[in-house]
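Reviewing the structure listed below.
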Amino acid sequence: MRTARNKKNDGERILRQMFHKCVFQNYLGSMTLMINTAIDGMIISHFLGGQATVAFGLIFPIYSLLNFIPILLRTSTQVNLGKFIGRGDIGNADRCVFYLLAFGFVAAVPLLLLLTAFRNSALMILSVQAQYSETTLSLASDYLLWLAPSVLPMMLCPVLHPMMQMDGDAKRSPCAIQIATVINLGGDLMNALLFHGGMAGMALATTLSCFSELFVLALHFHSHRNVLCPSAEGGLSLKQLMQLSDGIPLMLREVFAFLSGIFINRLASRLGGENAVAVLAIGNSVWVFLLPAAIAVSGACMTLGSVSAGEADSHALYTVCLLGFWYSFLPCTVYALLFVALSGPLSLFCSGGNAQLPSLALPYLRILAFSLPFVSFSQTMEALLIVHGRARRSALLSILDGGTIVLTLSQLLSRFMGISSLWYGRLAGCVLLSLLALLFGFRLSSSGREKKPLFFLLSTKNTDAFMEETLYTIEGVTAFSEKLRTAFMTEGLSSRSRNIAALCVEELACNTLRWGYGLKNNNGVDVRAVCRNNELIVRFRDSGRPFNPEQYVRQFQPASQDPSRNVGLRIVSGEASDIRYIPLVDCNVVILCIS
């Protein structure tokens with residue numbers, strides 16, 4: 001006999017499987033700009049020399065400025081699409097996608113002007129109260145000019161990547177990443193080795209790679225039978241504008257990363273001249289390879305946490321929280337140790353022949369790697385706070401995470417430690433930041449009437465009446481459908497709606513158990529029924545073969561001489577007021593709305 005504990009563990013298996021895939025896909029999805037930046041920095045330092053490395057270090061804060069709008073858009077996409085999908089509201093999800101893409105297109109215009117017409121003014125701000133040679137400023141100006149066109153795909157891809165993930169086309173996202181990476185790497189090497197080009201050629205390769213990424217993602221709407229489709233129905237509204245507020249905390253992180261980056265460069269220039277600025281550029285290039293690990297974990301928490309919040313499923317939120325913290329400390333630590341082992345060769349490769357740089361860069365690279373688990377934990381907590389509507393607390397953590405706390409500690413330590421304060425201040429800042437994130441978790445857990453553990457997601461309020469169970473056998477399906485026939489009577493739901501829902505459960509759950517897993521054993525179907533606003537929403541989730549019941553009914557209409565064919569699915573399709581199939585993170589999700 002299957003024990004209750006085994007049932008619980010099996011019921012979480014689908015969610016855990018989705019979370020692992022989500023982490024992997026988010027990791028690949030966050031690598032495009034990251035890889036482009038890292039490759040540019042490393043090849044510039046190795047092939048173009050110290051002057052070009054200093055120029056790249058000077059303009060590196062621009063990436064934070066360019067990234068703050070994509071962070072806003074990606075966060076809004078993950079949070080809002082997740083909640084809409086959890087509620088079964090595909091219409092609002094479609095409008096959300098259109099609005100975010102339109103906003104990204106509009107936001108690209110001022111950023112494009114900043115990198116072209118006003119790039120000299122931008123360089124003046126970046127080099128405030130610091131001395132840089134005319135050659136360095138000229139190289140930086142060339143890079144910004146040719147990087148400018150890439151702003152458009154930078155604004156649109158952050159919306160499309162999570163949309164692919166939630167629309168059953170997750171493989172397209174890593175495909176776009178691979179193509180863009182090959183183009184960027186090939187273009188950089190050709191520019192440096194064959195054409196002996198400068199900073200402009202490096203930026204042009206980045207621009208071409210970003211447009212190739214956008215092109216591959218856009219093919220989703222041509223070749224894939226997508227569920228989500230951008231829709232301008234109803235036009236733009238203040239309510240849709242307010243949806244962007246979910247991304248403001250993480251946007252603040254990028255704004256403060258831009259500002260703190262300027263002043264850390266200034267501090268480095270004062271402590272060690274242009275060599276110290278070059279060391280920061282080398283460290284930032286390597287950090288770009290580390291950072292996607294933290295982004296992947298926090299992104300998975302945001303995506304699946306938002307879906308669970310839309311479903312009003314507090315236990316799923318609790319599971320997502322545990323998985324996020326586990327990833328932050330164990331896999332991220334292993335990932336960081338890999339970079340500690342590689343720090344020696346990386347410091348030599350990035351030195352560009354400058355004999356002084358490896359000895360300065362080596363301790364900085366090791367400190368960056370050691371700080372990754374703390375950064376991942378803090379960013380995971382920021383994402384979970386956003387999912388739970390704690391925007392102010394998330395914003396405070398994001399501002400500190402943006403380099404404010406690192407800059408402050410580095411300034412204080414510089415009086416005693418000299419140039420070493422640049423890396424020890426960073427490690428101390430990241431540790432202190434994670435302790436503050438931990439404190440926020442305890443404060444949230446003790447803010448209610450009952451004392452809760454650190455994993456405060458158990459205290460999520462659920463205002464909807466619901467019933468849920470993981471079904472493994474035909475007998476279990478029958479028992480659940482019988483309970484559903486007598487449920488929600490106090491909520492004013494009609495007996496007809498309950499009977500239709502029970503019939504749908506029997507049809508879809510039994511079909512999945514019989515045919516969805518093939519020869520696999522010990523698999524089930526998560527069924528969740530929620531009564532919301534006199535409407536019954538039933539969600540089915542499984543990790544079996546992809547199967548769209550609505551499409552199947554349309555494709556295999558029964559012949560007149562065989563009216564019994566697919567009768568169960570036809571009844572489900574006819575009786576439900578709305579039926580939606582979403583291949584969410586490579587799992588099957590069917591949402592029925594019964595009015």
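Following the order of the structure tokens, chains are lettered A, B, ..., residues in each are numbered from 1, and ligands are numbered from 1.
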Stretch 478-585 of chain A residues near stretch 224-233 of chain A within 9 Å, closest pair each, using only C-alpha atoms, as a tab-separated table:
```
residue	atom	partner	partner_atom	distance
A:Arg580	CA	A:Val227	CA	8.1
A:Tyr581	CA	A:Val227	CA	7.4
A:Ile582	CA	A:Val227	CA	6.6
A:Pro583	CA	A:Val227	CA	8.7
```
Store the residues picked out above, limited to N, CA, C and O atoms, as a CSV table (one decimal), in the first residue's frame.
```csv
chain,number,residue,atom,x,y,z
A,580,ARG,N,-8.4,25.1,-21.6
A,580,ARG,CA,-7.1,25.6,-22.0
A,580,ARG,C,-6.0,24.5,-21.7
A,580,ARG,O,-6.0,23.9,-20.7
A,581,TYR,N,-5.1,24.3,-22.7
A,581,TYR,CA,-4.0,23.4,-22.6
A,581,TYR,C,-2.7,24.2,-22.6
A,581,TYR,O,-2.5,25.0,-23.5
A,582,ILE,N,-1.9,24.1,-21.6
A,582,ILE,CA,-0.6,24.8,-21.5
A,582,ILE,C,0.5,23.9,-21.2
A,582,ILE,O,0.5,23.3,-20.1
A,583,PRO,N,1.4,23.7,-22.1
A,583,PRO,CA,2.6,22.8,-21.9
A,583,PRO,C,3.6,23.5,-21.0
A,583,PRO,O,4.7,24.0,-21.5
```
Length of the atom CA of A:Arg366 to atom CA of A:Gly50 vector [Å]: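 Those two atoms sit 21.5 Å apart.
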Among listed residues A:Tyr99, A:Pro110, A:Phe480, A:Tyr472, nearest A:Met242 (using only C-alpha atoms): A:Tyr99
Which residues are close to A:Thr404, i.e. within 9 Å by only C-alpha atoms, leaving aside same-chain residues fewer than 2 positions away? Reply as a CSV table (one decimal) with N, CA, C and O atoms, in the first residue's frame.
```csv
chain,number,residue,atom,x,y,z
A,256,PHE,N,21.0,51.0,-9.2
A,256,PHE,CA,22.0,51.2,-8.2
A,256,PHE,C,23.3,50.5,-8.5
A,256,PHE,O,24.4,50.9,-8.1
A,257,ALA,N,23.2,49.4,-9.3
A,257,ALA,CA,24.4,48.7,-9.8
A,257,ALA,C,25.1,49.6,-10.8
A,257,ALA,O,26.4,49.7,-10.8
A,259,LEU,N,25.0,53.0,-10.7
A,259,LEU,CA,25.6,54.1,-10.0
A,259,LEU,C,26.8,53.7,-9.1
A,259,LEU,O,27.8,54.3,-9.1
A,260,SER,N,26.6,52.5,-8.4
A,260,SER,CA,27.7,52.0,-7.6
A,260,SER,C,28.9,51.6,-8.4
A,260,SER,O,30.1,51.7,-8.0
A,399,ILE,N,18.2,47.2,-3.7
A,399,ILE,CA,19.1,48.3,-3.6
A,399,ILE,C,20.4,48.0,-3.0
A,399,ILE,O,21.5,48.3,-3.5
A,400,LEU,N,20.4,47.2,-1.9
A,400,LEU,CA,21.6,46.8,-1.3
A,400,LEU,C,22.4,45.8,-2.2
A,400,LEU,O,23.6,45.8,-2.3
A,401,ASP,N,21.6,44.9,-2.9
A,401,ASP,CA,22.2,44.0,-3.8
A,401,ASP,C,22.8,44.7,-5.0
A,401,ASP,O,23.7,44.1,-5.7
A,402,GLY,N,22.4,45.9,-5.3
A,402,GLY,CA,22.9,46.6,-6.5
A,402,GLY,C,24.3,47.2,-6.3
A,402,GLY,O,24.7,47.9,-7.1
A,406,VAL,N,28.2,46.9,-0.9
A,406,VAL,CA,29.6,46.6,-1.3
A,406,VAL,C,30.5,47.8,-1.4
A,406,VAL,O,31.6,47.9,-0.9
A,407,LEU,N,29.9,48.9,-2.0
A,407,LEU,CA,30.6,50.1,-2.2
A,407,LEU,C,30.9,50.8,-0.8
A,407,LEU,O,32.0,51.2,-0.6
A,408,THR,N,29.9,50.7,0.1
A,408,THR,CA,30.1,51.3,1.4
A,408,THR,C,31.2,50.6,2.2
A,408,THR,O,32.1,51.3,2.8
A,409,LEU,N,31.2,49.3,2.2
A,409,LEU,CA,32.2,48.5,2.9
A,409,LEU,C,33.6,48.7,2.3
A,409,LEU,O,34.6,48.7,3.0
A,429,GLY,N,30.3,42.5,2.0
A,429,GLY,CA,29.0,43.0,1.6
A,429,GLY,C,28.0,41.9,1.2
A,429,GLY,O,26.8,42.0,1.6
```
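Compared by their closest atoms to A:Arg545, and using only C-alpha atoms, the residues A:Phe56, A:Tyr63, A:Trp515, A:Phe263 rank with A:Trp515 nearest.
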